[in-house]
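**Q** One structure coming up, written as structure tokens, with questions to follow.
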Amino acid sequence: ANSIRNEMSLLQRSVKMEDSCWEHRLRCVVRVFLASNCVGSPVVMDSVTLPCLKILHLLMQHTKAKGTLPVVSSSNFIHANTQRWLTRDQAAQFKCWRRHAFRPVEKSPSRRDLFLMEKYLRRWQVAAKRASQWRAEVQQESWLMKALFCPSSRATRKVACHILDVLCQNDSRRHHILDLMTSCLGELARAGQHAHEFLHLYQTLSEPIHWKLFLTCRGVLPRLGSLITQEIETLVCLEETTLSSDLSQGFALKSLTELLASFLQHDRIKSRFKSQLVGIVLNGYFSLRRLVVQRTKMVDQTQELLLKLLEDMTSGTEEETKAFMAVCIKTLENYPMTDLRTPVIVFERLCSIVSPEDNESSEFQLSLAKDPQQEEFLQGRMQGNPYNSNMPGLGPLMRDVKQKICQDCELIALLDDDNSMELLVRNKIISLDLPVREVYKKVWVPGLQEANKNEPMHVIYRMRGLLGDATEEFVETLDSGGDGTDEEELYRMASVLCECGGLDAMLNRLEHLPSLVHGQQMVTSLLKLLGYAVKLKANRRCLIDPSRRAVPILLGTLADALKLEKDFTAKVAEDVLFILEIIFQEASQAQVQMSELTCNSLEVSSLLSYIESPFVRSHTAMLHGIMRVIPYLTFGQTSSMGALLDHFIPHLSFELFDQSRTPEDVLYVDCFCGIAQGIESNAEGSQLKSMVIERNVVQQCVDYIQTQVPAHPASAGGTADKEWTTFLALASLPYNLRLLAGLCKDHQPTQDLVGIVIPGLHRMEQTTSEGHAGTLAENLLEVLCENAQLKTKVKECRAHTRAEKKKRAMATRQKQLGELGMKVNELGQVVASVASVEQEMAQLVEESGLKCVICLEGYKNQPKKVLGIYTFAKRCTLDEFEARARKSVGYCTVSHFNVVHYECHVAAVRLARGRDEWESAALQNANTRCNGLMPIWGPQVSESSFASCLARHNTYLQEFTGVREPSFLLVAHDIRLLLLRFAFEKSFSSDSGGGGRESNVHFLPYLIQIALYILSTSRQQGREDKSLSNFVKAGKDKWVCSSYELDGPLLYTVFALLVQPLDGWKSTRLVFLQRLLVLAHSREHSASSVSTLPAPSRDPHAYSVYKPVLVLFALVDQLQQSLKSPVAKDSEWLPALCQYLRHNDMPILEICDKLLKTLQEDLLPCESFVEFCDVAGLLSDIPEPGNYIQELLASLPS
């Protein structure tokens, strides 16, 4: 290579010289180039071939720029003979060629001469083309082919492309170059990525639309389609024969597909050739989707490009879409029956075209919000709005949405209760069994405007029945045809299936399916498409043609699905049964002989045997489908009908069924009822019903009803009611009625036999029971009304019953009017008697005691409505002297003692929408702050209502104080803190802004009521009794230390009020008094915990130190005497005290007023312990109160 470098350089420079020897130097270059091109060595290619190409390229550019060499139009067909020129033939030299190519015109020809010249020129051109040695095809061994696709030198490929580009500067020559390059497209498979420069040049030259049209006319599109098919076949062959792949695999295929796509971008070309190319593109797309081993990135890109082309070519008019569907079906013929992947792609594609729902968006948004009127009842809120419908937990059913709401809002009690929460969409209550997607499509979307079509679906959740009965519409089902759509119009595209052999192709694939396990995807998509197809009458008419064997093929698939007993086969079986039922219904309407479609008795027996299968019994829809299909299979065949009846009749002994029955008996009787209800009203159905009569089944049912039904109506009372209760509880009664209703439909012989029991059925239809026997009897009577004679008999029975009921109603009316003090005058008008009005006026009494501040009614006029007290609670430290570094925290409650009904409170809050709940409540609470509503257990208020209101009050406490579930201990501390406010004369309104001693002393007994209720329901009384007993028996060495404990003397004094009977208090009250005195003395001595009192600190302090605990002791003592004296003194004193607090609101208020008077006039004015003992009535227990405190302190151990 290095040895000839200088010579090549010299040759390159000499060629540029313009003298008489230029042709000889050019001939030398061409000879060297042709000689080096035959070697094929990479070294020779780089050292000789490439320089020669560059010389030729530069020479072409130079001569074109200088204009020294003329450019002759190729239309003259005057070509130079290269071989003769290289041998220096004088006739092939440049001068000779130029002389022939350019002949001067001597004079202007006449019109006649021009006509003759054109005429014979065309003839000569045709002959010259045939005889010309120039061909627009390139052989593989030609120099141009080697240069364009040179695998070892990119520079060589670029220079060769530049030479072709220069030649194309003349438009008259470009079409020859494009033809030449088109003939080279077949080399892309061999060249691979080395054809990049060639493809770039080809796309550049053909980019203008007129050149694309030229190439289209020259047949480039069929050639591209053929080359694409060849490439795909090569990949499929490699897929089947090798287990390795090349990452560069698919370059030629992708490039050819891109070329094809560039041509099809123009509407004129696409409209002309898409019918020819759609099959090629479709077949290529299906083949590429099957690749696994040979799948590379470029193959994936080609597959996506083919899909895009496919959608573009098939998205035209409806006729074009139908033509595409026909091509899809025809494409299936190219694939063997063992191919289970390609049909899946075809069927899914056809489903997306046929069913409009498959083309809709698969995602939408949901906005979940609580009912604004129930803000105070439902805790938490959904923070993630709007939610994507594909999020876990938001489907497929509305029940899943409800579960999601309960979990996120921590409504744990509602998780397993489907009857407690309602979901509303567009002010309609939605059944929890409905699919979320169907609700979105059929309830939410129809009400959207075009501008807001992407608005999230608003779902409102609320508690059922909380604010009264619902008045909104309840949506339980969503019928596909409920919106008035015509299935014939909706699925009209499926008509192609019966016109182009689509149904035959599907049935053929289904018949030759080797296994449902391996062909799961194919059979699922096939049955889905077939389900769409049977919605059109034309397809159904094709399927009932016996020659297509649709029914035997589907029955075979059904048998395979039932044998496998897999999860997916349940859906397959249900789809097959659905299709079979539609086919049979169409055959019945078309009066086709069922014997030509159905099977023999052995196959019927085989299908009946699956009823006992646990797999079938666990899928109710499948079982019911089998029962609906089985009657059709027996029509027209006496042996099959007999086999059907022989299978079920042994289980139809209703008397034995009532006495003892197995689950199999229940199953068989239920299935036979389903079969009877599914018998068609045609000749074959009548034949089957007649056979049932012959087997004595109908007479057996009639005898059973005649024997068992009571002779008197259910409303007769006494013994008759007991008889009806026993009769309606019979297990076989509902099945008997269902069976007769199915057999009587459109069959007069059966109706005549059943007509004898019409009176009994009429008595039965007036009843209600768990088995819905009344409804079933009514349905049977409606079926019997098809017979004119029996209809008259039914009307007579019903008219007689209406007359009897009217007579009894008038008697009852007269009786009730008399009880109300009313009467009917001569004109038939209802008027009140004077005596009754006076009696009612006398019974009207004014509310005394507790009454609502809104409606001014209490437990006398509204005994079942729960009253509550507005309260204000705040978080606080329970005891500042507690001997712990971190003090215990609880809450303390005060009140202005304003009482309100819970319902009135909710109504007032609902009306005040612009204000917060407690801002609105403050208006009813005398402008006093409140954050709770504590219930009062009235005389006739149910425990469940009281407990519900108490739970809501506890929720308020948790929300505003941060404490956990309020317990008996916390309520006792709350009572202690309230009593200490009285004892220390603290303000009750510093935080709430209202309420004083009187209000809170009235509030105290009902706080005690709450504590007693918690104590009795939590069963803690025994434990607290034991704890209180240990406190009383504790030695004096622990008295000082316990004064700094949270559960110390102050709390146990309150415990004595709650858990100790009055006798026990009287016997131990001095112990409580002594402990309280020691507590006050110890805390005055030291704010921190001490175990003993030293001798110098045992001198009594001033009375003011002991006064607060003494006042607390006196208040507890007064409450003990006042509240427990009226109740029993035995072991049942606690329930008796609870009942006393429930039934005596006025006496309790009087006790509170007396207690407040004693506090203000007697206890608080006391200035010494002696005076306190006199006021508190302790002189009988403490004869010498003057030295009592000193002696007590002295008795404490040191």
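In the structure tokens, chains take the letters A, B, ... in the order shown, each chain's residues start at 1, and ligands count up from 1 in the order shown.
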Just the alpha helix (DSSP H) stuff from region 483-670 of chain A, please, per backbone DSSP, written as an MDAnalysis selection string.

**A** chainID A and resid 487:490 496:499 502:511 520:533 537:543 550:564 567:589 594:597 601:609 614:617 620:634 638:648 654:659 663:670

**Q** If you keep C-alpha atoms, can you produce a file of those selected residues as a tab-separated table (two decimals), in the first residue's frame?

**A**
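File produced: selection.tsv:
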```
chain	number	residue	atom	x	y	z
A	487	GLU	CA	-77.00	-3.77	20.78
A	488	GLU	CA	-77.45	-4.28	17.06
A	489	GLU	CA	-76.10	-0.78	16.54
A	490	LEU	CA	-73.57	-0.87	19.33
A	496	VAL	CA	-68.00	-8.99	9.65
A	497	LEU	CA	-67.48	-12.25	11.53
A	498	CYS	CA	-70.33	-14.00	9.76
A	499	GLU	CA	-69.52	-12.50	6.37
A	502	GLY	CA	-64.73	-15.34	11.28
A	503	LEU	CA	-67.18	-17.54	13.17
A	504	ASP	CA	-65.91	-20.63	11.40
A	505	ALA	CA	-62.32	-19.67	12.18
A	506	MET	CA	-63.11	-19.21	15.86
A	507	LEU	CA	-65.02	-22.46	16.15
A	508	ASN	CA	-62.26	-24.28	14.29
A	509	ARG	CA	-59.64	-22.91	16.68
A	510	LEU	CA	-61.79	-23.83	19.66
A	511	GLU	CA	-62.38	-27.35	18.39
A	520	GLN	CA	-55.82	-20.18	28.41
A	521	GLN	CA	-55.22	-16.78	26.87
A	522	MET	CA	-56.53	-17.82	23.47
A	523	VAL	CA	-59.76	-19.35	24.73
A	524	THR	CA	-60.40	-16.34	26.99
A	525	SER	CA	-60.04	-13.83	24.15
A	526	LEU	CA	-61.93	-16.10	21.73
A	527	LEU	CA	-64.92	-16.46	24.05
A	528	LYS	CA	-64.90	-12.74	24.71
A	529	LEU	CA	-65.11	-12.04	20.97
A	530	LEU	CA	-67.73	-14.74	20.52
A	531	GLY	CA	-69.74	-13.17	23.35
A	532	TYR	CA	-69.76	-9.90	21.41
A	533	ALA	CA	-70.66	-11.72	18.21
A	537	LYS	CA	-78.91	-11.55	15.13
A	538	ALA	CA	-76.97	-12.28	11.94
A	539	ASN	CA	-74.22	-14.03	13.90
A	540	ARG	CA	-76.73	-15.97	15.97
A	541	ARG	CA	-78.44	-17.17	12.80
A	542	CYS	CA	-75.10	-18.43	11.52
A	543	LEU	CA	-74.30	-20.23	14.76
A	550	ALA	CA	-71.25	-24.61	17.16
A	551	VAL	CA	-73.17	-26.30	19.98
A	552	PRO	CA	-71.11	-29.55	20.06
A	553	ILE	CA	-67.87	-27.58	19.97
A	554	LEU	CA	-68.95	-25.28	22.80
A	555	LEU	CA	-70.20	-28.25	24.83
A	556	GLY	CA	-66.82	-29.91	24.40
A	557	THR	CA	-65.09	-26.81	25.68
A	558	LEU	CA	-67.54	-26.70	28.60
A	559	ALA	CA	-66.77	-30.32	29.49
A	560	ASP	CA	-63.02	-29.63	29.40
A	561	ALA	CA	-63.44	-26.60	31.67
A	562	LEU	CA	-65.53	-28.55	34.17
A	563	LYS	CA	-63.03	-31.41	34.23
A	564	LEU	CA	-60.01	-29.20	34.95
A	567	ASP	CA	-59.84	-20.96	38.83
A	568	PHE	CA	-59.68	-19.63	35.27
A	569	THR	CA	-61.85	-22.43	33.89
A	570	ALA	CA	-64.76	-21.19	36.02
A	571	LYS	CA	-64.83	-18.00	33.94
A	572	VAL	CA	-64.47	-20.05	30.76
A	573	ALA	CA	-67.41	-22.26	31.73
A	574	GLU	CA	-69.59	-19.26	32.58
A	575	ASP	CA	-68.79	-17.60	29.24
A	576	VAL	CA	-69.57	-20.78	27.32
A	577	LEU	CA	-72.87	-21.22	29.15
A	578	PHE	CA	-73.80	-17.61	28.40
A	579	ILE	CA	-73.11	-18.10	24.68
A	580	LEU	CA	-74.94	-21.43	24.58
A	581	GLU	CA	-78.02	-19.95	26.23
A	582	ILE	CA	-78.19	-17.14	23.65
A	583	ILE	CA	-77.74	-19.61	20.78
A	584	PHE	CA	-80.51	-21.84	22.13
A	585	GLN	CA	-82.86	-18.89	22.57
A	586	GLU	CA	-82.26	-17.84	18.99
A	587	ALA	CA	-82.83	-21.40	17.78
A	588	SER	CA	-86.09	-21.50	19.72
A	589	GLN	CA	-87.29	-18.26	18.13
A	594	MET	CA	-83.30	-28.73	18.67
A	595	SER	CA	-82.42	-32.34	17.95
A	596	GLU	CA	-80.20	-31.13	15.11
A	597	LEU	CA	-78.20	-28.94	17.50
A	601	SER	CA	-78.87	-38.61	26.47
A	602	LEU	CA	-75.45	-39.90	27.52
A	603	GLU	CA	-73.92	-36.45	27.16
A	604	VAL	CA	-76.86	-34.92	29.07
A	605	SER	CA	-76.26	-37.38	31.89
A	606	SER	CA	-72.57	-36.53	31.85
A	607	LEU	CA	-73.35	-32.83	32.18
A	608	LEU	CA	-75.84	-33.50	34.97
A	609	SER	CA	-73.18	-35.42	36.88
A	614	PRO	CA	-67.78	-29.10	44.66
A	615	PHE	CA	-66.15	-26.96	42.00
A	616	VAL	CA	-69.49	-26.29	40.26
A	617	ARG	CA	-71.37	-25.86	43.53
A	620	THR	CA	-73.33	-20.14	41.76
A	621	ALA	CA	-73.37	-18.43	38.37
A	622	MET	CA	-71.97	-21.53	36.70
A	623	LEU	CA	-74.49	-23.80	38.41
A	624	HIS	CA	-77.43	-21.61	37.40
A	625	GLY	CA	-76.10	-21.43	33.85
A	626	ILE	CA	-75.99	-25.21	33.61
A	627	MET	CA	-79.56	-25.41	34.85
A	628	ARG	CA	-80.73	-22.92	32.20
A	629	VAL	CA	-78.94	-24.74	29.38
A	630	ILE	CA	-79.83	-28.35	30.23
A	631	PRO	CA	-83.52	-28.11	29.13
A	632	TYR	CA	-82.47	-27.01	25.64
A	633	LEU	CA	-80.16	-30.02	25.36
A	634	THR	CA	-83.06	-32.41	25.86
A	638	THR	CA	-87.44	-38.30	24.35
A	639	SER	CA	-84.55	-40.32	25.74
A	640	SER	CA	-82.71	-37.18	26.87
A	641	MET	CA	-85.84	-35.81	28.51
A	642	GLY	CA	-86.36	-39.10	30.32
A	643	ALA	CA	-82.74	-39.12	31.48
A	644	LEU	CA	-83.19	-35.59	32.80
A	645	LEU	CA	-86.31	-36.45	34.79
A	646	ASP	CA	-84.88	-39.75	36.07
A	647	HIS	CA	-81.92	-37.80	37.45
A	648	PHE	CA	-84.03	-35.48	39.63
A	654	PHE	CA	-91.39	-33.22	49.69
A	655	GLU	CA	-92.64	-34.94	52.86
A	656	LEU	CA	-89.31	-36.72	53.29
A	657	PHE	CA	-87.52	-33.48	52.42
A	658	ASP	CA	-89.24	-31.72	55.34
A	659	GLN	CA	-88.37	-34.50	57.78
A	663	PRO	CA	-77.14	-30.97	51.24
A	664	GLU	CA	-77.32	-33.07	48.06
A	665	ASP	CA	-81.13	-33.21	48.33
A	666	VAL	CA	-81.29	-29.42	48.69
A	667	LEU	CA	-78.98	-28.99	45.72
A	668	TYR	CA	-80.96	-31.33	43.45
A	669	VAL	CA	-84.34	-29.82	44.34
A	670	ASP	CA	-83.01	-26.28	43.84
```

**Q** List every residue of region 814-1042 of chain A that DSSP, applied to the backbone of this structure, assigns to strand (DSSP E), and report them as a PyMOL selection string.

**A** chain A and resi 822-824+830-832+867-877+889-901+932-936

**Q** Do a neighbour search on region 374-384 of chain A at 10 Å with only C-alpha atoms, toss out local chain neighbours closer than 3 positions, and write the hits as a CSV table (one decimal) with N, CA and C atoms, in the first residue's frame.

**A**
```
chain,number,residue,atom,x,y,z
A,366,LEU,N,-61.1,9.4,41.5
A,366,LEU,CA,-62.2,9.4,42.5
A,366,LEU,C,-61.8,10.4,43.6
A,367,SER,N,-62.9,11.2,44.0
A,367,SER,CA,-62.8,12.1,45.1
A,367,SER,C,-63.7,11.6,46.2
A,368,LEU,N,-63.1,11.2,47.4
A,368,LEU,CA,-63.9,10.6,48.5
A,368,LEU,C,-64.0,11.6,49.6
A,369,ALA,N,-65.3,12.0,49.9
A,369,ALA,CA,-65.5,13.0,51.0
A,369,ALA,C,-66.7,12.5,51.8
A,370,LYS,N,-66.7,12.9,53.1
A,370,LYS,CA,-67.8,12.6,54.0
A,370,LYS,C,-69.0,13.6,53.8
A,371,ASP,N,-70.1,13.2,54.2
A,371,ASP,CA,-71.3,14.0,54.1
A,371,ASP,C,-71.1,15.2,55.0
A,387,TYR,N,-58.0,10.3,44.1
A,387,TYR,CA,-57.4,9.0,44.0
A,387,TYR,C,-57.5,8.4,42.6
A,388,ASN,N,-56.4,7.8,42.2
A,388,ASN,CA,-56.4,7.1,40.9
A,388,ASN,C,-57.2,5.8,41.0
A,404,LYS,N,-61.7,0.8,52.0
A,404,LYS,CA,-60.6,1.8,51.9
A,404,LYS,C,-60.9,3.0,52.8
A,405,ILE,N,-62.1,3.5,52.8
A,405,ILE,CA,-62.5,4.6,53.6
A,405,ILE,C,-62.5,4.3,55.1
A,406,CYS,N,-63.0,3.1,55.4
A,406,CYS,CA,-63.0,2.7,56.8
A,406,CYS,C,-61.6,2.5,57.3
A,408,ASP,N,-58.7,4.0,56.2
A,408,ASP,CA,-57.9,5.2,56.2
A,408,ASP,C,-58.4,6.2,57.3
A,409,CYS,N,-59.8,6.1,57.6
A,409,CYS,CA,-60.3,7.0,58.6
A,409,CYS,C,-60.4,6.3,60.0
A,410,GLU,N,-59.9,5.0,60.0
A,410,GLU,CA,-59.9,4.3,61.3
A,410,GLU,C,-61.3,4.0,61.8
A,411,LEU,N,-62.2,3.8,60.9
A,411,LEU,CA,-63.6,3.4,61.3
A,411,LEU,C,-63.6,1.9,61.4
A,461,TYR,N,-69.6,9.6,51.4
A,461,TYR,CA,-69.9,8.5,52.3
A,461,TYR,C,-70.5,9.0,53.6
A,462,ARG,N,-71.4,8.3,54.1
A,462,ARG,CA,-72.2,8.7,55.3
A,462,ARG,C,-72.7,7.5,56.1
A,463,MET,N,-73.0,7.7,57.3
A,463,MET,CA,-73.7,6.7,58.2
A,463,MET,C,-75.1,6.5,57.7
A,466,LEU,N,-78.5,7.8,60.2
A,466,LEU,CA,-78.1,8.7,61.3
A,466,LEU,C,-79.0,9.9,61.4
A,467,LEU,N,-79.3,10.5,60.2
A,467,LEU,CA,-80.2,11.7,60.2
A,467,LEU,C,-81.5,11.4,59.6
A,906,VAL,N,-77.7,18.7,67.2
A,906,VAL,CA,-77.3,18.4,65.8
A,906,VAL,C,-78.0,19.3,64.8
A,909,VAL,N,-76.6,22.8,64.9
A,909,VAL,CA,-75.3,22.9,64.2
A,909,VAL,C,-75.4,22.8,62.7
A,910,ARG,N,-76.4,22.0,62.3
A,910,ARG,CA,-76.6,21.8,60.8
A,910,ARG,C,-77.1,23.2,60.2
A,917,GLU,N,-68.9,23.8,65.2
A,917,GLU,CA,-69.9,23.1,66.0
A,917,GLU,C,-70.0,23.8,67.4
A,952,ARG,N,-69.9,9.2,72.2
A,952,ARG,CA,-69.6,10.5,71.4
A,952,ARG,C,-69.0,11.5,72.4
A,955,THR,N,-65.4,10.7,72.8
A,955,THR,CA,-64.7,11.2,71.7
A,955,THR,C,-64.3,12.7,71.7
A,956,TYR,N,-65.3,13.5,72.2
A,956,TYR,CA,-65.0,14.9,72.4
A,956,TYR,C,-63.8,15.1,73.4
```

**Q** From the options A:Cys1138, A:Cys28, A:Val1116, A:Met45, which residue's atoms come nearest to Thr1017 (chain A), counting only C-alpha atoms?

**A** A:Cys1138

**Q** Skip Phe1169 (chain A) itself and residues of its chain fewer than 4 positions away, then list as a PyMOL selection string all residues within 7 Å of it, counting only C-alpha atoms.

**A** chain A and resi 1103+1173+1185

**Q** Let me see the file: selected residues, N, CA, C and O atoms, as a PDB file, in the first residue's frame.

**A**
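The result, stored in out-v1.pdb:
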```pdb
ATOM      1  N   TYR A1103     -56.295  26.949 111.246  1.00  0.00           N
ATOM      2  CA  TYR A1103     -57.459  26.244 110.696  1.00  0.00           C
ATOM      3  C   TYR A1103     -57.531  26.383 109.180  1.00  0.00           C
ATOM      4  O   TYR A1103     -58.012  25.484 108.505  1.00  0.00           O
ATOM      5  N   CYS A1173     -66.903  20.924 113.315  1.00  0.00           N
ATOM      6  CA  CYS A1173     -67.501  19.682 113.809  1.00  0.00           C
ATOM      7  C   CYS A1173     -68.963  19.884 114.188  1.00  0.00           C
ATOM      8  O   CYS A1173     -69.805  19.005 113.998  1.00  0.00           O
ATOM      9  N   PRO A1185     -63.368  18.153 120.182  1.00  0.00           N
ATOM     10  CA  PRO A1185     -62.701  18.537 118.931  1.00  0.00           C
ATOM     11  C   PRO A1185     -61.542  19.492 119.118  1.00  0.00           C
ATOM     12  O   PRO A1185     -60.733  19.664 118.204  1.00  0.00           O
TER      13      PRO A1185
END
```

**Q** Compile the contact shell of region 723-738 of chain A as a list in words: residues with an atom at most 8 Å away, counting only C-alpha atoms, same-chain residues fewer than 2 positions apart removed.

**A**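 Neighbouring residues, sequence-local ones excluded: Phe654, Phe657, Asp658, Val669, Asp670, Cys673, Gln677, Cys701, Gln708, Val709, Pro710, Ala714, Thr719, Ala720, Asp721, Leu740, Ala741, Gly742, Ser769, Gly771, His772, Ala773, Leu776, Ala777 and Leu780 of chain A.
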
**Q** Any chance you can output those residues with N, CA, C and O atoms as a compact mmCIF listing (two decimals), in the first residue's frame?

**A**
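result_19.txt was written with the following content:
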```
# COMPACT_ATOMS: atom_id res chain seq x y z
N PHE A 654 -91.39 -34.41 48.83
CA PHE A 654 -91.39 -33.22 49.69
C PHE A 654 -91.62 -33.56 51.16
O PHE A 654 -91.08 -32.89 52.05
N PHE A 657 -88.42 -34.64 52.43
CA PHE A 657 -87.52 -33.48 52.42
C PHE A 657 -87.72 -32.64 53.68
O PHE A 657 -86.75 -32.11 54.25
N ASP A 658 -88.97 -32.49 54.13
CA ASP A 658 -89.24 -31.72 55.34
C ASP A 658 -88.72 -32.43 56.58
O ASP A 658 -88.28 -31.78 57.54
N VAL A 669 -83.01 -30.45 44.42
CA VAL A 669 -84.34 -29.82 44.34
C VAL A 669 -84.21 -28.39 43.81
O VAL A 669 -84.99 -27.95 42.96
N ASP A 670 -83.21 -27.66 44.30
CA ASP A 670 -83.01 -26.28 43.84
C ASP A 670 -82.67 -26.26 42.35
O ASP A 670 -83.16 -25.42 41.59
N CYS A 673 -85.76 -26.90 40.23
CA CYS A 673 -86.59 -25.70 40.16
C CYS A 673 -86.03 -24.72 39.13
O CYS A 673 -86.78 -24.10 38.37
N GLN A 677 -87.92 -23.45 35.65
CA GLN A 677 -88.13 -22.03 35.33
C GLN A 677 -87.46 -21.65 34.02
O GLN A 677 -87.82 -20.62 33.42
N CYS A 701 -96.90 -32.20 43.83
CA CYS A 701 -96.80 -30.84 44.38
C CYS A 701 -98.16 -30.31 44.82
O CYS A 701 -98.29 -29.69 45.88
N GLN A 708 -100.97 -29.56 53.36
CA GLN A 708 -100.23 -28.79 54.37
C GLN A 708 -100.81 -27.41 54.64
O GLN A 708 -100.68 -26.90 55.76
N VAL A 709 -101.41 -26.74 53.66
CA VAL A 709 -101.83 -25.35 53.85
C VAL A 709 -102.98 -25.28 54.86
O VAL A 709 -103.91 -26.09 54.82
N PRO A 710 -102.92 -24.36 55.83
CA PRO A 710 -104.01 -24.21 56.81
C PRO A 710 -105.30 -23.78 56.12
O PRO A 710 -105.30 -23.12 55.08
N ALA A 714 -104.22 -16.36 57.56
CA ALA A 714 -103.17 -16.15 58.56
C ALA A 714 -103.54 -15.11 59.57
O ALA A 714 -102.98 -15.06 60.66
N THR A 719 -105.00 -20.36 67.22
CA THR A 719 -104.40 -21.59 66.73
C THR A 719 -103.99 -21.48 65.27
O THR A 719 -103.00 -22.07 64.83
N ALA A 720 -104.76 -20.69 64.48
CA ALA A 720 -104.44 -20.55 63.05
C ALA A 720 -103.07 -19.94 62.84
O ALA A 720 -102.33 -20.33 61.94
N ASP A 721 -102.71 -18.97 63.66
CA ASP A 721 -101.39 -18.36 63.53
C ASP A 721 -100.29 -19.37 63.79
O ASP A 721 -99.25 -19.37 63.13
N LEU A 740 -93.74 -25.20 40.63
CA LEU A 740 -95.05 -25.07 39.98
C LEU A 740 -95.10 -23.84 39.09
O LEU A 740 -95.71 -23.85 38.01
N ALA A 741 -94.48 -22.74 39.53
CA ALA A 741 -94.49 -21.51 38.73
C ALA A 741 -93.78 -21.74 37.40
O ALA A 741 -94.23 -21.26 36.35
N GLY A 742 -92.65 -22.45 37.44
CA GLY A 742 -91.93 -22.72 36.19
C GLY A 742 -92.69 -23.65 35.28
O GLY A 742 -92.72 -23.46 34.04
N SER A 769 -92.60 -14.39 55.35
CA SER A 769 -91.75 -15.36 56.05
C SER A 769 -90.34 -15.24 55.50
O SER A 769 -90.08 -14.55 54.52
N GLY A 771 -88.66 -17.54 54.09
CA GLY A 771 -88.55 -18.22 52.81
C GLY A 771 -89.26 -17.52 51.67
O GLY A 771 -89.28 -18.03 50.54
N HIS A 772 -89.88 -16.35 51.94
CA HIS A 772 -90.61 -15.57 50.93
C HIS A 772 -91.70 -16.40 50.26
O HIS A 772 -91.93 -16.31 49.05
N ALA A 773 -92.38 -17.21 51.08
CA ALA A 773 -93.44 -18.05 50.52
C ALA A 773 -94.58 -17.20 49.98
O ALA A 773 -95.20 -17.55 48.96
N LEU A 776 -93.63 -15.95 46.52
CA LEU A 776 -93.63 -17.05 45.56
C LEU A 776 -95.05 -17.48 45.21
O LEU A 776 -95.34 -17.80 44.05
N ALA A 777 -95.94 -17.48 46.20
CA ALA A 777 -97.33 -17.83 45.93
C ALA A 777 -97.98 -16.78 45.04
O ALA A 777 -98.75 -17.10 44.12
N LEU A 780 -96.85 -17.40 41.51
CA LEU A 780 -97.54 -18.54 40.93
C LEU A 780 -98.96 -18.17 40.50
O LEU A 780 -99.43 -18.58 39.42
```

**Q** When you count only C-alpha atoms, which of these residues is closest to Asn898 (chain A): A:Leu1012, A:Ile209, A:Met934, A:Ala873?

**A**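 Selected residue with least distance to Asn898 (chain A): A:Met934.
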
**Q** Hey, can you check how far CA of Lys823 (chain A) sits from CA of Thr801 (chain A)?

**A**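 Separation of CA of Lys823 (chain A) and CA of Thr801 (chain A): 26.9 Å.
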
**Q** Pro1197 (chain A): which residues within 8 Å, counting only C-alpha atoms, same-chain residues fewer than 5 positions away excluded, as a CSV table (one decimal) with N, CA, C and O atoms, in the first residue's frame?

**A**
```
chain,number,residue,atom,x,y,z
A,1036,LYS,N,-50.8,3.5,110.4
A,1036,LYS,CA,-50.5,5.0,110.4
A,1036,LYS,C,-49.1,5.3,109.9
A,1036,LYS,O,-48.8,6.4,109.6
A,1037,ASP,N,-48.2,4.2,109.9
A,1037,ASP,CA,-46.9,4.5,109.4
A,1037,ASP,C,-46.9,4.8,107.9
A,1037,ASP,O,-45.9,5.3,107.3
A,1092,THR,N,-42.2,10.5,107.2
A,1092,THR,CA,-42.7,10.7,108.6
A,1092,THR,C,-42.6,12.2,108.9
A,1092,THR,O,-42.0,13.0,108.1
```

**Q** Restricting the calculation to only C-alpha atoms, which member of A:Ser690, A:Thr750, A:Ser990, A:Ser420 is positioned closest to Lys874 (chain A)?

**A**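 Between A:Ser690, A:Thr750, A:Ser990, A:Ser420, the residue approaching Lys874 (chain A) most closely is A:Ser990.
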
**Q** Find the spatial neighbours of region 191-207 of chain A, counting only C-alpha atoms, within a cut-off of 7 Å - ignore same-chain residues fewer than 5 positions away - and output them as a VMD selection string.

**A** chain A and resid 148 to 149 151 157 to 158 161 212 251 to 252
